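work14.txt, holding compact mmCIF, N, CA and C atoms:
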# COMPACT_ATOMS: atom_id res chain seq x y z
N MET O 734 42.20 7.31 0.61
CA MET O 734 42.47 8.39 -0.32
C MET O 734 42.04 7.95 -1.72
N GLU O 735 41.35 8.83 -2.40
CA GLU O 735 40.84 8.53 -3.72
C GLU O 735 41.83 8.98 -4.80
N VAL O 736 42.07 8.12 -5.80
CA VAL O 736 42.98 8.44 -6.89
C VAL O 736 42.15 8.89 -8.09
N THR O 737 42.45 10.09 -8.58
CA THR O 737 41.70 10.63 -9.72
C THR O 737 42.34 10.17 -11.03
N ILE O 738 41.65 10.43 -12.11
CA ILE O 738 42.18 10.10 -13.44
C ILE O 738 43.47 10.86 -13.70
N VAL O 739 43.49 12.13 -13.30
CA VAL O 739 44.69 12.95 -13.49
C VAL O 739 45.85 12.38 -12.69
N ASP O 740 45.58 11.96 -11.43
CA ASP O 740 46.62 11.35 -10.60
C ASP O 740 47.15 10.07 -11.25
N ASN O 741 46.22 9.28 -11.78
CA ASN O 741 46.59 8.02 -12.42
C ASN O 741 47.44 8.27 -13.67
N GLN O 742 47.07 9.29 -14.45
CA GLN O 742 47.86 9.64 -15.64
C GLN O 742 49.27 10.05 -15.25
N GLN O 743 49.37 10.83 -14.18
CA GLN O 743 50.69 11.27 -13.72
C GLN O 743 51.53 10.09 -13.25
N LEU O 744 50.91 9.14 -12.58
CA LEU O 744 51.63 7.93 -12.15
C LEU O 744 52.12 7.13 -13.34
N GLU O 745 51.29 7.02 -14.38
CA GLU O 745 51.69 6.30 -15.58
C GLU O 745 52.87 6.99 -16.27
N ILE O 746 52.84 8.32 -16.31
CA ILE O 746 53.96 9.08 -16.89
C ILE O 746 55.22 8.83 -16.09
N GLN O 747 55.12 8.86 -14.77
CA GLN O 747 56.29 8.62 -13.92
C GLN O 747 56.85 7.22 -14.13
N LYS O 748 55.99 6.23 -14.30
CA LYS O 748 56.45 4.85 -14.55
C LYS O 748 57.21 4.76 -15.87
N LYS O 749 56.67 5.43 -16.90
CA LYS O 749 57.34 5.42 -18.20
C LYS O 749 58.71 6.09 -18.11
N ILE O 750 58.78 7.21 -17.40
CA ILE O 750 60.06 7.91 -17.23
C ILE O 750 61.04 7.02 -16.49
N ASP O 751 60.59 6.35 -15.45
CA ASP O 751 61.46 5.43 -14.69
C ASP O 751 62.00 4.32 -15.58
N LYS O 752 61.16 3.80 -16.48
CA LYS O 752 61.61 2.74 -17.39
C LYS O 752 62.68 3.25 -18.35
N VAL O 753 62.52 4.49 -18.81
CA VAL O 753 63.46 5.06 -19.76
C VAL O 753 64.79 5.39 -19.08
N LEU O 754 64.72 5.97 -17.88
CA LEU O 754 65.94 6.43 -17.21
C LEU O 754 66.66 5.32 -16.44
N CYS O 755 65.98 4.27 -16.06
CA CYS O 755 66.57 3.16 -15.30
C CYS O 755 67.09 3.65 -13.95
N GLY O 756 67.62 2.73 -13.19
CA GLY O 756 68.22 3.09 -11.89
C GLY O 756 69.63 3.59 -12.08
N LYS O 757 70.17 4.26 -11.04
CA LYS O 757 71.51 4.83 -11.15
C LYS O 757 72.57 3.78 -11.46
N ALA O 758 72.46 2.62 -10.86
CA ALA O 758 73.45 1.56 -11.07
C ALA O 758 73.37 1.00 -12.49
N GLU O 759 72.19 1.08 -13.09
CA GLU O 759 71.98 0.49 -14.41
C GLU O 759 72.16 1.47 -15.56
N VAL O 760 72.33 2.75 -15.26
CA VAL O 760 72.28 3.79 -16.29
C VAL O 760 73.21 3.49 -17.46
N GLU O 761 74.45 3.14 -17.20
CA GLU O 761 75.40 2.95 -18.29
C GLU O 761 75.00 1.80 -19.21
N SER O 762 74.41 0.76 -18.65
CA SER O 762 74.12 -0.41 -19.48
C SER O 762 72.71 -0.41 -20.06
N CYS O 763 71.79 0.38 -19.52
CA CYS O 763 70.42 0.22 -19.99
C CYS O 763 69.69 1.50 -20.34
N CYS O 764 70.33 2.62 -20.37
CA CYS O 764 69.62 3.87 -20.61
C CYS O 764 69.63 4.21 -22.11
N PRO O 765 68.63 3.73 -22.85
CA PRO O 765 68.64 3.93 -24.30
C PRO O 765 68.55 5.40 -24.71
N ILE O 766 67.82 6.19 -23.98
CA ILE O 766 67.66 7.60 -24.38
C ILE O 766 68.99 8.33 -24.30
N LYS O 767 69.79 8.02 -23.28
CA LYS O 767 71.10 8.67 -23.13
C LYS O 767 72.00 8.29 -24.30
N ASP O 768 71.99 7.02 -24.66
CA ASP O 768 72.82 6.55 -25.77
C ASP O 768 72.36 7.16 -27.09
N ILE O 769 71.07 7.17 -27.32
CA ILE O 769 70.52 7.70 -28.58
C ILE O 769 70.84 9.18 -28.72
N LEU O 770 70.60 9.95 -27.66
CA LEU O 770 70.86 11.39 -27.73
C LEU O 770 72.34 11.68 -27.89
N ALA O 771 73.19 10.88 -27.26
CA ALA O 771 74.63 11.07 -27.39
C ALA O 771 75.08 10.79 -28.82
N ARG O 772 74.47 9.81 -29.46
CA ARG O 772 74.89 9.41 -30.82
C ARG O 772 74.36 10.33 -31.91
N PHE O 773 73.09 10.68 -31.87
CA PHE O 773 72.58 11.53 -32.95
C PHE O 773 71.60 12.59 -32.48
N GLY O 774 71.86 13.16 -31.33
CA GLY O 774 71.06 14.27 -30.84
C GLY O 774 71.64 15.62 -31.24
N ASP O 775 72.77 15.61 -31.96
CA ASP O 775 73.38 16.86 -32.39
C ASP O 775 72.64 17.43 -33.60
N LYS O 776 72.86 18.69 -33.86
CA LYS O 776 72.09 19.33 -34.94
C LYS O 776 72.40 18.77 -36.31
N TRP O 777 73.65 18.38 -36.57
CA TRP O 777 73.98 17.89 -37.91
C TRP O 777 73.33 16.56 -38.20
N SER O 778 73.25 15.70 -37.22
CA SER O 778 72.59 14.41 -37.43
C SER O 778 71.10 14.62 -37.69
N ILE O 779 70.49 15.48 -36.92
CA ILE O 779 69.06 15.74 -37.09
C ILE O 779 68.79 16.38 -38.45
N TYR O 780 69.58 17.39 -38.82
CA TYR O 780 69.40 18.02 -40.13
C TYR O 780 69.62 17.01 -41.25
N THR O 781 70.62 16.15 -41.08
CA THR O 781 70.92 15.15 -42.11
C THR O 781 69.76 14.18 -42.28
N ILE O 782 69.21 13.70 -41.18
CA ILE O 782 68.08 12.78 -41.23
C ILE O 782 66.87 13.45 -41.88
N LEU O 783 66.59 14.68 -41.49
CA LEU O 783 65.46 15.41 -42.07
C LEU O 783 65.67 15.64 -43.57
N THR O 784 66.87 16.00 -43.96
CA THR O 784 67.16 16.25 -45.37
C THR O 784 67.07 14.97 -46.19
N LEU O 785 67.62 13.88 -45.66
CA LEU O 785 67.52 12.59 -46.35
C LEU O 785 66.07 12.14 -46.47
N GLY O 786 65.24 12.54 -45.53
CA GLY O 786 63.84 12.17 -45.55
C GLY O 786 63.05 12.82 -46.67
N LYS O 787 63.60 13.89 -47.25
CA LYS O 787 62.90 14.60 -48.33
C LYS O 787 63.00 13.87 -49.66
N GLN O 788 64.04 13.04 -49.83
CA GLN O 788 64.26 12.35 -51.10
C GLN O 788 64.60 10.89 -50.83
N GLU O 789 64.37 10.06 -51.82
CA GLU O 789 64.66 8.64 -51.66
C GLU O 789 66.16 8.38 -51.59
N LYS O 790 66.92 9.00 -52.51
CA LYS O 790 68.38 8.85 -52.55
C LYS O 790 69.00 10.21 -52.81
N VAL O 791 70.13 10.47 -52.14
CA VAL O 791 70.79 11.76 -52.28
C VAL O 791 72.30 11.54 -52.39
N ARG O 792 72.92 12.23 -53.34
CA ARG O 792 74.37 12.18 -53.45
C ARG O 792 75.00 13.13 -52.44
N PHE O 793 76.26 12.87 -52.09
CA PHE O 793 76.93 13.62 -51.03
C PHE O 793 76.89 15.13 -51.27
N ASN O 794 77.34 15.59 -52.43
CA ASN O 794 77.41 17.04 -52.68
C ASN O 794 76.03 17.69 -52.69
N GLU O 795 75.04 16.96 -53.16
CA GLU O 795 73.67 17.46 -53.15
C GLU O 795 73.19 17.62 -51.70
N LEU O 796 73.50 16.63 -50.88
CA LEU O 796 73.14 16.67 -49.47
C LEU O 796 73.85 17.83 -48.78
N LYS O 797 75.13 17.98 -49.05
CA LYS O 797 75.92 19.06 -48.45
C LYS O 797 75.34 20.43 -48.82
N SER O 798 74.92 20.58 -50.06
CA SER O 798 74.36 21.87 -50.49
C SER O 798 73.01 22.17 -49.83
N GLN O 799 72.32 21.14 -49.37
CA GLN O 799 71.01 21.32 -48.76
C GLN O 799 71.08 21.56 -47.25
N ILE O 800 72.23 21.30 -46.64
CA ILE O 800 72.39 21.50 -45.20
C ILE O 800 73.30 22.71 -45.00
N THR O 801 72.71 23.85 -44.80
CA THR O 801 73.45 25.10 -44.68
C THR O 801 74.41 25.07 -43.49
N GLY O 802 75.66 25.40 -43.77
CA GLY O 802 76.64 25.55 -42.70
C GLY O 802 77.45 24.32 -42.36
N VAL O 803 77.10 23.16 -42.87
CA VAL O 803 77.84 21.95 -42.53
C VAL O 803 79.09 21.86 -43.40
N SER O 804 80.22 21.50 -42.79
CA SER O 804 81.45 21.32 -43.55
C SER O 804 81.46 19.92 -44.17
N GLN O 805 82.32 19.75 -45.16
CA GLN O 805 82.45 18.44 -45.80
C GLN O 805 82.87 17.39 -44.77
N ARG O 806 83.83 17.74 -43.94
CA ARG O 806 84.32 16.81 -42.91
C ARG O 806 83.21 16.43 -41.93
N MET O 807 82.46 17.42 -41.44
CA MET O 807 81.40 17.15 -40.46
C MET O 807 80.30 16.30 -41.08
N LEU O 808 79.94 16.56 -42.32
CA LEU O 808 78.92 15.75 -42.97
C LEU O 808 79.41 14.32 -43.15
N THR O 809 80.66 14.15 -43.51
CA THR O 809 81.24 12.81 -43.66
C THR O 809 81.19 12.05 -42.34
N VAL O 810 81.61 12.70 -41.26
CA VAL O 810 81.58 12.07 -39.93
C VAL O 810 80.16 11.74 -39.52
N THR O 811 79.24 12.66 -39.77
CA THR O 811 77.83 12.46 -39.42
C THR O 811 77.24 11.27 -40.18
N LEU O 812 77.48 11.23 -41.48
CA LEU O 812 76.95 10.13 -42.29
C LEU O 812 77.52 8.78 -41.86
N ARG O 813 78.80 8.74 -41.54
CA ARG O 813 79.41 7.49 -41.08
C ARG O 813 78.79 7.02 -39.76
N SER O 814 78.57 7.96 -38.86
CA SER O 814 77.96 7.62 -37.57
C SER O 814 76.53 7.11 -37.76
N LEU O 815 75.76 7.78 -38.61
CA LEU O 815 74.38 7.36 -38.88
C LEU O 815 74.35 6.01 -39.59
N GLU O 816 75.32 5.78 -40.46
CA GLU O 816 75.41 4.47 -41.14
C GLU O 816 75.77 3.38 -40.13
N GLU O 817 76.69 3.68 -39.23
CA GLU O 817 77.09 2.72 -38.19
C GLU O 817 75.91 2.32 -37.31
N ASP O 818 75.02 3.28 -37.04
CA ASP O 818 73.85 3.01 -36.20
C ASP O 818 72.69 2.41 -36.98
N GLY O 819 72.87 2.19 -38.27
CA GLY O 819 71.83 1.55 -39.07
C GLY O 819 70.72 2.48 -39.53
N LEU O 820 70.96 3.78 -39.46
CA LEU O 820 69.93 4.75 -39.84
C LEU O 820 70.05 5.19 -41.29
N VAL O 821 71.26 5.10 -41.82
CA VAL O 821 71.53 5.55 -43.18
C VAL O 821 72.19 4.42 -43.96
N SER O 822 71.80 4.31 -45.21
CA SER O 822 72.41 3.34 -46.11
C SER O 822 73.29 4.11 -47.10
N ARG O 823 74.47 3.55 -47.38
CA ARG O 823 75.42 4.16 -48.32
C ARG O 823 75.61 3.19 -49.48
N GLN O 824 75.28 3.64 -50.69
CA GLN O 824 75.41 2.80 -51.88
C GLN O 824 76.50 3.39 -52.77
N VAL O 825 77.56 2.60 -53.01
CA VAL O 825 78.65 3.02 -53.88
C VAL O 825 78.49 2.32 -55.23
N TYR O 826 78.53 3.10 -56.30
CA TYR O 826 78.42 2.55 -57.65
C TYR O 826 79.80 2.52 -58.28
N PRO O 827 80.17 1.39 -58.90
CA PRO O 827 81.52 1.25 -59.48
C PRO O 827 81.65 2.00 -60.80
N GLU O 828 81.70 3.30 -60.70
CA GLU O 828 81.84 4.15 -61.87
C GLU O 828 83.07 5.03 -61.68
N ILE O 829 83.48 5.68 -62.74
CA ILE O 829 84.58 6.63 -62.63
C ILE O 829 84.05 7.98 -63.09
N PRO O 830 84.02 8.98 -62.22
CA PRO O 830 84.34 8.91 -60.80
C PRO O 830 83.27 8.14 -60.04
N PRO O 831 83.62 7.60 -58.87
CA PRO O 831 82.64 6.82 -58.10
C PRO O 831 81.42 7.66 -57.74
N ARG O 832 80.28 7.05 -57.82
CA ARG O 832 79.02 7.70 -57.43
C ARG O 832 78.56 7.06 -56.14
N VAL O 833 78.25 7.90 -55.15
CA VAL O 833 77.80 7.42 -53.85
C VAL O 833 76.46 8.07 -53.54
N GLU O 834 75.49 7.24 -53.16
CA GLU O 834 74.17 7.76 -52.79
C GLU O 834 73.83 7.33 -51.37
N TYR O 835 73.16 8.21 -50.67
CA TYR O 835 72.74 7.96 -49.29
C TYR O 835 71.22 7.95 -49.23
N SER O 836 70.70 7.11 -48.35
CA SER O 836 69.25 7.07 -48.12
C SER O 836 69.00 6.61 -46.70
N LEU O 837 67.80 6.89 -46.23
CA LEU O 837 67.41 6.42 -44.89
C LEU O 837 67.02 4.95 -44.97
N THR O 838 67.41 4.20 -43.97
CA THR O 838 66.97 2.81 -43.83
C THR O 838 65.58 2.83 -43.19
N PRO O 839 64.91 1.70 -43.10
CA PRO O 839 63.62 1.67 -42.38
C PRO O 839 63.77 2.18 -40.93
N LEU O 840 64.88 1.86 -40.29
CA LEU O 840 65.12 2.36 -38.93
C LEU O 840 65.24 3.89 -38.94
N GLY O 841 65.94 4.41 -39.93
CA GLY O 841 66.07 5.86 -40.08
C GLY O 841 64.73 6.52 -40.38
N GLN O 842 63.90 5.85 -41.17
CA GLN O 842 62.55 6.37 -41.45
C GLN O 842 61.74 6.46 -40.16
N GLY O 843 61.89 5.46 -39.30
CA GLY O 843 61.18 5.49 -38.01
C GLY O 843 61.61 6.67 -37.15
N LEU O 844 62.92 6.94 -37.13
CA LEU O 844 63.41 8.09 -36.37
C LEU O 844 62.92 9.39 -37.02
N LEU O 845 62.90 9.43 -38.34
CA LEU O 845 62.40 10.61 -39.05
C LEU O 845 60.99 10.96 -38.60
N LEU O 846 60.13 9.97 -38.47
CA LEU O 846 58.75 10.22 -38.02
C LEU O 846 58.73 10.85 -36.62
N GLN O 847 59.62 10.39 -35.75
CA GLN O 847 59.69 10.96 -34.40
C GLN O 847 60.21 12.40 -34.44
N LEU O 848 61.19 12.65 -35.30
CA LEU O 848 61.72 14.01 -35.44
C LEU O 848 60.66 14.96 -36.00
N LEU O 849 59.82 14.45 -36.89
CA LEU O 849 58.75 15.28 -37.43
C LEU O 849 57.72 15.63 -36.36
N GLN O 850 57.48 14.71 -35.43
CA GLN O 850 56.59 15.01 -34.30
C GLN O 850 57.21 16.11 -33.43
N LEU O 851 58.51 16.00 -33.19
CA LEU O 851 59.20 17.03 -32.43
C LEU O 851 59.14 18.37 -33.16
N ALA O 852 59.31 18.35 -34.48
CA ALA O 852 59.23 19.57 -35.28
C ALA O 852 57.83 20.19 -35.19
N ASP O 853 56.80 19.36 -35.22
CA ASP O 853 55.43 19.86 -35.07
C ASP O 853 55.25 20.53 -33.71
N TRP O 854 55.77 19.89 -32.66
CA TRP O 854 55.69 20.46 -31.31
C TRP O 854 56.41 21.80 -31.28
N ALA O 855 57.60 21.86 -31.89
CA ALA O 855 58.38 23.09 -31.91
C ALA O 855 57.63 24.22 -32.61
N LYS O 856 57.00 23.91 -33.74
CA LYS O 856 56.24 24.93 -34.47
C LYS O 856 55.07 25.45 -33.63
N LEU O 857 54.40 24.54 -32.93
CA LEU O 857 53.26 24.95 -32.10
C LEU O 857 53.68 25.80 -30.91
N ASN O 858 54.90 25.59 -30.42
CA ASN O 858 55.31 26.22 -29.16
C ASN O 858 56.42 27.25 -29.29
N ILE O 859 56.88 27.54 -30.49
CA ILE O 859 58.02 28.45 -30.65
C ILE O 859 57.75 29.84 -30.08
N ASP O 860 56.55 30.36 -30.23
CA ASP O 860 56.26 31.69 -29.69
C ASP O 860 56.39 31.71 -28.18
N GLN O 861 55.87 30.69 -27.52
CA GLN O 861 55.98 30.61 -26.06
C GLN O 861 57.43 30.46 -25.62
N ILE O 862 58.20 29.68 -26.37
CA ILE O 862 59.61 29.48 -26.03
C ILE O 862 60.38 30.78 -26.18
N LEU O 863 60.17 31.48 -27.28
CA LEU O 863 60.85 32.76 -27.50
C LEU O 863 60.46 33.79 -26.44
N GLU O 864 59.19 33.79 -26.07
CA GLU O 864 58.71 34.70 -25.03
C GLU O 864 59.38 34.37 -23.69
N ALA O 865 59.48 33.09 -23.37
CA ALA O 865 60.12 32.68 -22.12
C ALA O 865 61.60 33.08 -22.12
N ARG O 866 62.27 32.91 -23.24
CA ARG O 866 63.68 33.31 -23.34
C ARG O 866 63.85 34.81 -23.11
N GLU O 867 62.93 35.57 -23.69
CA GLU O 867 62.98 37.02 -23.54
C GLU O 867 62.78 37.42 -22.08
N LYS O 868 61.80 36.80 -21.41
CA LYS O 868 61.55 37.08 -19.99
C LYS O 868 62.77 36.71 -19.16
N TYR O 869 63.37 35.57 -19.47
CA TYR O 869 64.55 35.11 -18.73
C TYR O 869 65.70 36.09 -18.91
N ALA O 870 65.92 36.55 -20.14
CA ALA O 870 67.00 37.49 -20.41
C ALA O 870 66.80 38.79 -19.64
N LYS O 871 65.55 39.28 -19.59
CA LYS O 871 65.25 40.50 -18.83
C LYS O 871 65.51 40.29 -17.35
N LYS O 872 65.09 39.12 -16.85
CA LYS O 872 65.29 38.80 -15.43
C LYS O 872 66.78 38.74 -15.11
N GLU O 873 67.56 38.11 -15.97
CA GLU O 873 69.01 38.00 -15.77
C GLU O 873 69.67 39.38 -15.80
N LYS O 874 69.19 40.23 -16.69
CA LYS O 874 69.75 41.58 -16.80
C LYS O 874 69.48 42.36 -15.52
N GLN O 875 68.26 42.21 -14.96
CA GLN O 875 67.92 42.89 -13.71
C GLN O 875 68.78 42.38 -12.56
N VAL O 876 69.05 41.08 -12.53
CA VAL O 876 69.87 40.50 -11.47
C VAL O 876 71.29 41.06 -11.55
N GLN O 877 71.81 41.20 -12.76
CA GLN O 877 73.17 41.72 -12.94
C GLN O 877 73.28 43.18 -12.55
N LEU O 878 72.20 43.93 -12.70
CA LEU O 878 72.21 45.34 -12.33
C LEU O 878 72.15 45.54 -10.83
N THR O 879 71.67 44.57 -10.09
CA THR O 879 71.55 44.74 -8.64
C THR O 879 72.76 44.25 -7.91

Mind turning this structure into C-alpha cells?
Amino acid sequence: MEVTIVDNQQLEIQKKIDKVLCGKAEVESCCPIKDILARFGDKWSIYTILTLGKQEKVRFNELKSQITGVSQRMLTVTLRSLEEDGLVSRQVYPEIPPRVEYSLTPLGQGLLLQLLQLADWAKLNIDQILEAREKYAKKEKQVQLT
C-alpha cells in the first residue's frame, strides 16, 4: 500500500494530538492542554491577557474600564491566577494611596501571540461559524416540531 503526502500529513497530525492528549492513565499528570485550558481558558483571562497586551503597564481601574462586563472581584481573581501562573507581573509602588501596575511577563507575551493567532482564525471563519449555528438552530427547531 502506498502512503501519500496527505496520508503522511494526517499521520503526523495524529501523532502530535497523541503527544498532547497522552494516554488515559497519564492524563492527570501529563496533559498540559487540559491544565492550561482549565487555568486560563475562560473569557476573563483571555480578555485580560489581550487587554494587557495593548499596553506595557496598566493600572487596575484602567484595566477594569477596558474589559466590559468584568466585576472588580472577578478581575482581581483573574489577575491573581494569571500572576500565579507566571503570565502577569504585579508591581506595587509604596505610595499613598498605593499604586499597582500590571503587565504581561515574557511567558504572558508568548501566550498573547498564540491568542492573536486564534483571533485571526476566528476573524477568518466567523461567517462560516455563524452560518453553521444558524443551520443547526433550524435543524433543532425542525426536530422539536416533529

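Relative to CA of Arg772 (chain O), CA of Glu817 (chain O) is found at 10.2 Å.
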
* To do: Could you please determine the separation between CA of Ile782 (chain O) and atom C of Ala865 (chain O) in Å, to one decimal place?
  => 28.6 Å

* To do: Check the DSSP output for the backbone and give back, as JSON, numbers by chain, the residues of chain O in strand (DSSP E).
  => {"O": [791, 792, 821, 822, 823, 824, 825, 826, 832, 833, 834, 835, 836, 837]}

Within 10 Å of (66.3, 4.3, -34.8) (coordinates as in the file), grab all the protein and nucleic acid residues, counting only C-alpha atoms, and write them out as a compact mmCIF listing (two decimals) with N, CA and C atoms, in the frame of the given file.
# COMPACT_ATOMS: atom_id res chain seq x y z
N ILE O 769 71.07 7.17 -27.32
CA ILE O 769 70.52 7.70 -28.58
C ILE O 769 70.84 9.18 -28.72
N PHE O 773 73.09 10.68 -31.87
CA PHE O 773 72.58 11.53 -32.95
C PHE O 773 71.60 12.59 -32.48
N LEU O 815 75.76 7.78 -38.61
CA LEU O 815 74.38 7.36 -38.88
C LEU O 815 74.35 6.01 -39.59
N ASP O 818 75.02 3.28 -37.04
CA ASP O 818 73.85 3.01 -36.20
C ASP O 818 72.69 2.41 -36.98
N GLY O 819 72.87 2.19 -38.27
CA GLY O 819 71.83 1.55 -39.07
C GLY O 819 70.72 2.48 -39.53
N LEU O 820 70.96 3.78 -39.46
CA LEU O 820 69.93 4.75 -39.84
C LEU O 820 70.05 5.19 -41.29
N VAL O 821 71.26 5.10 -41.82
CA VAL O 821 71.53 5.55 -43.18
C VAL O 821 72.19 4.42 -43.96
N THR O 838 67.41 4.20 -43.97
CA THR O 838 66.97 2.81 -43.83
C THR O 838 65.58 2.83 -43.19
N PRO O 839 64.91 1.70 -43.10
CA PRO O 839 63.62 1.67 -42.38
C PRO O 839 63.77 2.18 -40.93
N LEU O 840 64.88 1.86 -40.29
CA LEU O 840 65.12 2.36 -38.93
C LEU O 840 65.24 3.89 -38.94
N GLY O 841 65.94 4.41 -39.93
CA GLY O 841 66.07 5.86 -40.08
C GLY O 841 64.73 6.52 -40.38
N GLN O 842 63.90 5.85 -41.17
CA GLN O 842 62.55 6.37 -41.45
C GLN O 842 61.74 6.46 -40.16
N GLY O 843 61.89 5.46 -39.30
CA GLY O 843 61.18 5.49 -38.01
C GLY O 843 61.61 6.67 -37.15
N LEU O 844 62.92 6.94 -37.13
CA LEU O 844 63.41 8.09 -36.37
C LEU O 844 62.92 9.39 -37.02
N LEU O 845 62.90 9.43 -38.34
CA LEU O 845 62.40 10.61 -39.05
C LEU O 845 60.99 10.96 -38.60
N GLN O 847 59.62 10.39 -35.75
CA GLN O 847 59.69 10.96 -34.40
C GLN O 847 60.21 12.40 -34.44

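Going from atom C of Ser798 (chain O) to CA of Glu834 (chain O) covers 14.8 Å.
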
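Each of O:Leu754, O:Ile800, O:Leu783, O:Val825 was checked against Leu849 (chain O) using all atoms listed in the file; the smallest atom-to-atom distance is that of O:Leu783.
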
* Hey, what's within 12 Å of Lys776 (chain O) if we count only C-alpha atoms and toss same-chain stuff fewer than 2 positions away? As number ranges by chain, please? -> O: 770-774, 778-784, 800-803, 807-808, 811, 848

Kindly save the residues from that selection, with N, CA and C atoms included, as a PDB file, keeping the file's coordinate frame.
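Done, and the output landed in again_7.pdb:
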ATOM      1  N   LEU O 770      70.600   9.950 -27.660  1.00  0.00           N
ATOM      2  CA  LEU O 770      70.860  11.390 -27.730  1.00  0.00           C
ATOM      3  C   LEU O 770      72.340  11.680 -27.890  1.00  0.00           C
ATOM      4  N   ALA O 771      73.190  10.880 -27.260  1.00  0.00           N
ATOM      5  CA  ALA O 771      74.630  11.070 -27.390  1.00  0.00           C
ATOM      6  C   ALA O 771      75.080  10.790 -28.820  1.00  0.00           C
ATOM      7  N   ARG O 772      74.470   9.810 -29.460  1.00  0.00           N
ATOM      8  CA  ARG O 772      74.890   9.410 -30.820  1.00  0.00           C
ATOM      9  C   ARG O 772      74.360  10.330 -31.910  1.00  0.00           C
ATOM     10  N   PHE O 773      73.090  10.680 -31.870  1.00  0.00           N
ATOM     11  CA  PHE O 773      72.580  11.530 -32.950  1.00  0.00           C
ATOM     12  C   PHE O 773      71.600  12.590 -32.480  1.00  0.00           C
ATOM     13  N   GLY O 774      71.860  13.160 -31.330  1.00  0.00           N
ATOM     14  CA  GLY O 774      71.060  14.270 -30.840  1.00  0.00           C
ATOM     15  C   GLY O 774      71.640  15.620 -31.240  1.00  0.00           C
ATOM     16  N   SER O 778      73.250  15.700 -37.220  1.00  0.00           N
ATOM     17  CA  SER O 778      72.590  14.410 -37.430  1.00  0.00           C
ATOM     18  C   SER O 778      71.100  14.620 -37.690  1.00  0.00           C
ATOM     19  N   ILE O 779      70.490  15.480 -36.920  1.00  0.00           N
ATOM     20  CA  ILE O 779      69.060  15.740 -37.090  1.00  0.00           C
ATOM     21  C   ILE O 779      68.790  16.380 -38.450  1.00  0.00           C
ATOM     22  N   TYR O 780      69.580  17.390 -38.820  1.00  0.00           N
ATOM     23  CA  TYR O 780      69.400  18.020 -40.130  1.00  0.00           C
ATOM     24  C   TYR O 780      69.620  17.010 -41.250  1.00  0.00           C
ATOM     25  N   THR O 781      70.620  16.150 -41.080  1.00  0.00           N
ATOM     26  CA  THR O 781      70.920  15.150 -42.110  1.00  0.00           C
ATOM     27  C   THR O 781      69.760  14.180 -42.280  1.00  0.00           C
ATOM     28  N   ILE O 782      69.210  13.700 -41.180  1.00  0.00           N
ATOM     29  CA  ILE O 782      68.080  12.780 -41.230  1.00  0.00           C
ATOM     30  C   ILE O 782      66.870  13.450 -41.880  1.00  0.00           C
ATOM     31  N   LEU O 783      66.590  14.680 -41.490  1.00  0.00           N
ATOM     32  CA  LEU O 783      65.460  15.410 -42.070  1.00  0.00           C
ATOM     33  C   LEU O 783      65.670  15.640 -43.570  1.00  0.00           C
ATOM     34  N   THR O 784      66.870  16.000 -43.960  1.00  0.00           N
ATOM     35  CA  THR O 784      67.160  16.250 -45.370  1.00  0.00           C
ATOM     36  C   THR O 784      67.070  14.970 -46.190  1.00  0.00           C
ATOM     37  N   ILE O 800      72.230  21.300 -46.640  1.00  0.00           N
ATOM     38  CA  ILE O 800      72.390  21.500 -45.200  1.00  0.00           C
ATOM     39  C   ILE O 800      73.300  22.710 -45.000  1.00  0.00           C
ATOM     40  N   THR O 801      72.710  23.850 -44.800  1.00  0.00           N
ATOM     41  CA  THR O 801      73.450  25.100 -44.680  1.00  0.00           C
ATOM     42  C   THR O 801      74.410  25.070 -43.490  1.00  0.00           C
ATOM     43  N   GLY O 802      75.660  25.400 -43.770  1.00  0.00           N
ATOM     44  CA  GLY O 802      76.640  25.550 -42.700  1.00  0.00           C
ATOM     45  C   GLY O 802      77.450  24.320 -42.360  1.00  0.00           C
ATOM     46  N   VAL O 803      77.100  23.160 -42.870  1.00  0.00           N
ATOM     47  CA  VAL O 803      77.840  21.950 -42.530  1.00  0.00           C
ATOM     48  C   VAL O 803      79.090  21.860 -43.400  1.00  0.00           C
ATOM     49  N   MET O 807      82.460  17.420 -41.440  1.00  0.00           N
ATOM     50  CA  MET O 807      81.400  17.150 -40.460  1.00  0.00           C
ATOM     51  C   MET O 807      80.300  16.300 -41.080  1.00  0.00           C
ATOM     52  N   LEU O 808      79.940  16.560 -42.320  1.00  0.00           N
ATOM     53  CA  LEU O 808      78.920  15.750 -42.970  1.00  0.00           C
ATOM     54  C   LEU O 808      79.410  14.320 -43.150  1.00  0.00           C
ATOM     55  N   THR O 811      79.240  12.660 -39.770  1.00  0.00           N
ATOM     56  CA  THR O 811      77.830  12.460 -39.420  1.00  0.00           C
ATOM     57  C   THR O 811      77.240  11.270 -40.180  1.00  0.00           C
ATOM     58  N   LEU O 848      61.190  12.650 -35.300  1.00  0.00           N
ATOM     59  CA  LEU O 848      61.720  14.010 -35.440  1.00  0.00           C
ATOM     60  C   LEU O 848      60.660  14.960 -36.000  1.00  0.00           C
TER      61      LEU O 848
END
